[in-house]
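Participant: The structure under discussion is supplied below as structure tokens; questions concerning it will follow.
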Amino acid sequence: MSKKKKEKGKLKEKMKEAKDKEKRYFLIDYENVHMAGLAGVEELTKNDKVFIFYSQNADSLNFEVMKLISTTKARVEYIKVDTQGKNALDFQLSSYIGYLLGQDEGCECYIVSNDKGYVNVQIFWFKLGQKVKLIPNIRERRIATVKQQDIIDVIMTVSILNDAEKTQASDLVWKHMKTGSPHLAHIKVGINNDLVHALGGEKTKAIFNAIRPLMK
């Protein structure tokens, strides 16, 4: 095995170990995302915890849902919202985030929903230095947790680039990744367009091959 392949392997292993140690909470707005929001639950670790908020408007946790949940190592808790009202579930889920952040300093909270109203919750906690992200399904957490140094470390292994191009590529990729957009496809398109314009198709392909583990 070449030295570069060994370095890439060690980097991937190091990143995986770091992510496995993180305390992460996933609050599922099941009324909004249903089973689709649980995509990626099988990838979670024993350090993760999933809270499924559901109401009488969406209380059918069917066999397929339970089968999917059974594949995860994460702890799962079901919270039924009995209170009536248009936004009762949203309010209780948002309040629960404050409870979790108060109980477990340094944790990361993910709101799993397509409801853009939660963006206000994300912004509120961001201003207070807390890690709260809005994602459409659990699998999309990967794009939300990537750090700038992760990108730099990976792109530095792309031998086809010179030092100036590595710096340029790292900046362009981070520009899109740091937005926190819940849509991975949009981020990929933006990165691809900028890289092709700046560095050409061949180098863009090499960069995407390198950063792919960060975007799965």
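Chain labels A, B, ... are given in the sequence in which chains occur in the structure tokens; within each chain residues are numbered consecutively from 1, and ligands are likewise numbered from 1 in the order shown.
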Name the residues in contact with stretch 101-114 of chain A at a cut-off of 9 Å, using only C-alpha atoms, excluding same-chain residues fewer than 2 positions from it; report them as number ranges by chain.
Facilitator: A: 22-33, 37-38, 93-94, 96-99, 116-118, 122, 130-138, 141, 182
Participant: Excluding stretch 185-202 of chain A and residues on its chain fewer than 6 positions from it, collect all residues at most 12 Å away from it, counting only C-alpha atoms, and give them as JSON, numbers by chain.
Facilitator: {"A": [140, 143, 144, 158, 160, 161, 162, 164, 165, 166, 167, 168, 169, 170, 171, 172, 173, 174, 175, 176, 177, 178, 179, 208, 209, 211, 212, 214, 215, 216]}
Participant: Store the residues picked out above, limited to N, CA and C atoms, as a PDB file, in the first residue's frame.
Facilitator:
```
ATOM      1  N   GLU A 140     -28.403  13.252   6.365  1.00  0.00           N
ATOM      2  CA  GLU A 140     -27.854  14.555   5.982  1.00  0.00           C
ATOM      3  C   GLU A 140     -27.021  15.188   7.090  1.00  0.00           C
ATOM      4  N   ILE A 143     -23.203  16.253   6.261  1.00  0.00           N
ATOM      5  CA  ILE A 143     -22.849  17.533   5.666  1.00  0.00           C
ATOM      6  C   ILE A 143     -22.901  18.640   6.708  1.00  0.00           C
ATOM      7  N   ALA A 144     -23.714  18.453   7.745  1.00  0.00           N
ATOM      8  CA  ALA A 144     -23.866  19.487   8.767  1.00  0.00           C
ATOM      9  C   ALA A 144     -22.743  19.471   9.795  1.00  0.00           C
ATOM     10  N   VAL A 158      -4.749  15.411  -2.412  1.00  0.00           N
ATOM     11  CA  VAL A 158      -4.999  15.340  -3.859  1.00  0.00           C
ATOM     12  C   VAL A 158      -3.725  15.739  -4.602  1.00  0.00           C
ATOM     13  N   ILE A 160      -2.833  15.771  -7.686  1.00  0.00           N
ATOM     14  CA  ILE A 160      -2.922  16.453  -8.980  1.00  0.00           C
ATOM     15  C   ILE A 160      -2.919  17.975  -8.825  1.00  0.00           C
ATOM     16  N   LEU A 161      -3.129  18.454  -7.601  1.00  0.00           N
ATOM     17  CA  LEU A 161      -3.186  19.891  -7.342  1.00  0.00           C
ATOM     18  C   LEU A 161      -1.861  20.410  -6.804  1.00  0.00           C
ATOM     19  N   ASN A 162      -1.500  21.639  -7.192  1.00  0.00           N
ATOM     20  CA  ASN A 162      -0.350  22.273  -6.551  1.00  0.00           C
ATOM     21  C   ASN A 162      -0.826  22.952  -5.267  1.00  0.00           C
ATOM     22  N   ALA A 164      -1.133  26.059  -4.289  1.00  0.00           N
ATOM     23  CA  ALA A 164      -2.068  27.174  -4.458  1.00  0.00           C
ATOM     24  C   ALA A 164      -3.462  26.663  -4.806  1.00  0.00           C
ATOM     25  N   GLU A 165      -3.523  25.632  -5.636  1.00  0.00           N
ATOM     26  CA  GLU A 165      -4.813  25.064  -6.036  1.00  0.00           C
ATOM     27  C   GLU A 165      -5.485  24.343  -4.874  1.00  0.00           C
ATOM     28  N   LYS A 166      -4.689  23.718  -4.016  1.00  0.00           N
ATOM     29  CA  LYS A 166      -5.249  23.049  -2.840  1.00  0.00           C
ATOM     30  C   LYS A 166      -5.917  24.067  -1.915  1.00  0.00           C
ATOM     31  N   THR A 167      -5.256  25.191  -1.738  1.00  0.00           N
ATOM     32  CA  THR A 167      -5.824  26.254  -0.902  1.00  0.00           C
ATOM     33  C   THR A 167      -7.099  26.804  -1.528  1.00  0.00           C
ATOM     34  N   GLN A 168      -7.046  27.041  -2.834  1.00  0.00           N
ATOM     35  CA  GLN A 168      -8.212  27.568  -3.546  1.00  0.00           C
ATOM     36  C   GLN A 168      -9.386  26.587  -3.476  1.00  0.00           C
ATOM     37  N   ALA A 169      -9.097  25.312  -3.702  1.00  0.00           N
ATOM     38  CA  ALA A 169     -10.153  24.293  -3.669  1.00  0.00           C
ATOM     39  C   ALA A 169     -10.757  24.177  -2.276  1.00  0.00           C
ATOM     40  N   SER A 170      -9.915  24.207  -1.251  1.00  0.00           N
ATOM     41  CA  SER A 170     -10.403  24.114   0.132  1.00  0.00           C
ATOM     42  C   SER A 170     -11.345  25.268   0.452  1.00  0.00           C
ATOM     43  N   ASP A 171     -10.981  26.458   0.015  1.00  0.00           N
ATOM     44  CA  ASP A 171     -11.812  27.642   0.263  1.00  0.00           C
ATOM     45  C   ASP A 171     -13.153  27.543  -0.461  1.00  0.00           C
ATOM     46  N   LEU A 172     -13.117  27.067  -1.707  1.00  0.00           N
ATOM     47  CA  LEU A 172     -14.348  26.965  -2.492  1.00  0.00           C
ATOM     48  C   LEU A 172     -15.296  25.916  -1.915  1.00  0.00           C
ATOM     49  N   VAL A 173     -14.740  24.784  -1.516  1.00  0.00           N
ATOM     50  CA  VAL A 173     -15.577  23.725  -0.939  1.00  0.00           C
ATOM     51  C   VAL A 173     -16.183  24.194   0.381  1.00  0.00           C
ATOM     52  N   TRP A 174     -15.370  24.808   1.221  1.00  0.00           N
ATOM     53  CA  TRP A 174     -15.858  25.269   2.523  1.00  0.00           C
ATOM     54  C   TRP A 174     -16.918  26.356   2.375  1.00  0.00           C
ATOM     55  N   LYS A 175     -16.804  27.180   1.350  1.00  0.00           N
ATOM     56  CA  LYS A 175     -17.778  28.248   1.120  1.00  0.00           C
ATOM     57  C   LYS A 175     -19.193  27.682   1.037  1.00  0.00           C
ATOM     58  N   HIS A 176     -19.318  26.523   0.417  1.00  0.00           N
ATOM     59  CA  HIS A 176     -20.637  25.902   0.268  1.00  0.00           C
ATOM     60  C   HIS A 176     -21.007  25.037   1.473  1.00  0.00           C
ATOM     61  N   MET A 177     -20.024  24.344   2.033  1.00  0.00           N
ATOM     62  CA  MET A 177     -20.311  23.439   3.152  1.00  0.00           C
ATOM     63  C   MET A 177     -20.734  24.193   4.406  1.00  0.00           C
ATOM     64  N   LYS A 178     -20.174  25.371   4.627  1.00  0.00           N
ATOM     65  CA  LYS A 178     -20.434  26.098   5.869  1.00  0.00           C
ATOM     66  C   LYS A 178     -21.815  26.739   5.906  1.00  0.00           C
ATOM     67  N   THR A 179     -22.520  26.740   4.780  1.00  0.00           N
ATOM     68  CA  THR A 179     -23.839  27.372   4.748  1.00  0.00           C
ATOM     69  C   THR A 179     -24.846  26.651   5.626  1.00  0.00           C
ATOM     70  N   PHE A 208     -13.542  15.732  -5.874  1.00  0.00           N
ATOM     71  CA  PHE A 208     -14.774  15.073  -5.428  1.00  0.00           C
ATOM     72  C   PHE A 208     -14.499  13.652  -4.946  1.00  0.00           C
ATOM     73  N   ASN A 209     -13.578  12.964  -5.595  1.00  0.00           N
ATOM     74  CA  ASN A 209     -13.215  11.621  -5.139  1.00  0.00           C
ATOM     75  C   ASN A 209     -12.629  11.669  -3.730  1.00  0.00           C
ATOM     76  N   ILE A 211     -13.183  14.151  -1.363  1.00  0.00           N
ATOM     77  CA  ILE A 211     -14.106  14.644  -0.333  1.00  0.00           C
ATOM     78  C   ILE A 211     -15.375  13.803  -0.215  1.00  0.00           C
ATOM     79  N   ARG A 212     -15.518  12.795  -1.073  1.00  0.00           N
ATOM     80  CA  ARG A 212     -16.736  11.970  -1.057  1.00  0.00           C
ATOM     81  C   ARG A 212     -17.062  11.398   0.329  1.00  0.00           C
ATOM     82  N   LEU A 214     -16.761  12.691   3.107  1.00  0.00           N
ATOM     83  CA  LEU A 214     -17.328  13.750   3.942  1.00  0.00           C
ATOM     84  C   LEU A 214     -18.775  14.054   3.571  1.00  0.00           C
ATOM     85  N   MET A 215     -19.205  13.556   2.422  1.00  0.00           N
ATOM     86  CA  MET A 215     -20.506  13.953   1.896  1.00  0.00           C
ATOM     87  C   MET A 215     -21.475  12.791   1.763  1.00  0.00           C
ATOM     88  N   LYS A 216     -21.131  11.637   2.328  1.00  0.00           N
ATOM     89  CA  LYS A 216     -22.023  10.479   2.244  1.00  0.00           C
ATOM     90  C   LYS A 216     -23.145  10.614   3.249  1.00  0.00           C
TER      91      LYS A 216
END
```
Participant: Nearest residue to A:Glu43 out of A:Ala74, A:Met156, A:Ala88, A:Ile207, using only C-alpha atoms?
Facilitator: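 For A:Glu43, the nearest of the candidates is A:Ala74.
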Participant: Env of A:Lys80: 9 Å cut, atoms = only C-alpha atoms, seq-sep filter 5 positions within chain, self excluded. Answer as a list in words.
Facilitator: Ile52, Phe53, Tyr54, Ser55, Gln56, Asp59 and Leu89 of chain A
Participant: Could you dump the residues just selected with C-alpha atoms as a compact mmCIF listing (two decimals), in the first residue's frame?
Facilitator:
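Once written, result-v5.txt looks like this:
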```
# COMPACT_ATOMS: atom_id res chain seq x y z
CA ILE A 52 -39.39 10.83 17.74
CA PHE A 53 -42.04 13.49 18.27
CA TYR A 54 -45.43 12.43 16.93
CA SER A 55 -49.06 13.40 17.37
CA GLN A 56 -52.51 12.14 16.51
CA ASP A 59 -49.22 8.48 15.03
CA LEU A 89 -45.51 19.61 18.17
```
Participant: Among the residues of stretch 135-214 of chain A, find those DSSP assigns to alpha helix (DSSP H) from the backbone and print them as a VMD selection string.
Facilitator: chain A and resid 141 to 145 148 to 155 163 to 177 184 to 199 201 to 211
Participant: Could you go through stretch 82-166 of chain A and tell me which residues DSSP, when run on the backbone, assigns to strand (DSSP E or B), listing them as a ChimeraX atom specification?
Facilitator: /A:108-112,131-135
Participant: Print the selection's residues with N, CA and C atoms to a file, as a PDB file, in the first residue's frame.
Facilitator:
```
ATOM      1  N   GLU A 108     -24.589  18.148  20.355  1.00  0.00           N
ATOM      2  CA  GLU A 108     -25.080  18.638  19.075  1.00  0.00           C
ATOM      3  C   GLU A 108     -26.526  18.188  18.913  1.00  0.00           C
ATOM      4  N   CYS A 109     -27.382  19.109  18.512  1.00  0.00           N
ATOM      5  CA  CYS A 109     -28.796  18.794  18.318  1.00  0.00           C
ATOM      6  C   CYS A 109     -29.172  18.969  16.851  1.00  0.00           C
ATOM      7  N   TYR A 110     -29.890  17.995  16.332  1.00  0.00           N
ATOM      8  CA  TYR A 110     -30.348  18.049  14.952  1.00  0.00           C
ATOM      9  C   TYR A 110     -31.871  17.990  14.929  1.00  0.00           C
ATOM     10  N   ILE A 111     -32.474  18.989  14.327  1.00  0.00           N
ATOM     11  CA  ILE A 111     -33.916  18.976  14.112  1.00  0.00           C
ATOM     12  C   ILE A 111     -34.146  18.340  12.749  1.00  0.00           C
ATOM     13  N   VAL A 112     -34.861  17.240  12.719  1.00  0.00           N
ATOM     14  CA  VAL A 112     -35.108  16.546  11.456  1.00  0.00           C
ATOM     15  C   VAL A 112     -36.508  16.915  10.977  1.00  0.00           C
ATOM     16  N   LYS A 131     -24.735  24.243  19.097  1.00  0.00           N
ATOM     17  CA  LYS A 131     -24.770  23.486  17.846  1.00  0.00           C
ATOM     18  C   LYS A 131     -26.159  22.905  17.612  1.00  0.00           C
ATOM     19  N   VAL A 132     -26.935  23.601  16.820  1.00  0.00           N
ATOM     20  CA  VAL A 132     -28.270  23.139  16.444  1.00  0.00           C
ATOM     21  C   VAL A 132     -28.382  23.240  14.925  1.00  0.00           C
ATOM     22  N   LYS A 133     -28.734  22.139  14.290  1.00  0.00           N
ATOM     23  CA  LYS A 133     -28.824  22.107  12.832  1.00  0.00           C
ATOM     24  C   LYS A 133     -30.189  21.584  12.396  1.00  0.00           C
ATOM     25  N   LEU A 134     -30.668  22.109  11.279  1.00  0.00           N
ATOM     26  CA  LEU A 134     -31.919  21.644  10.676  1.00  0.00           C
ATOM     27  C   LEU A 134     -31.575  20.796   9.458  1.00  0.00           C
ATOM     28  N   ILE A 135     -32.033  19.541   9.454  1.00  0.00           N
ATOM     29  CA  ILE A 135     -31.748  18.628   8.348  1.00  0.00           C
ATOM     30  C   ILE A 135     -33.028  17.888   7.957  1.00  0.00           C
TER      31      ILE A 135
END
```
Participant: Distance atom CA of A:Ser95-atom CA of A:Arg75, one decimal place?
Facilitator: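 Here the two named atoms are 20.2 Å from each other.
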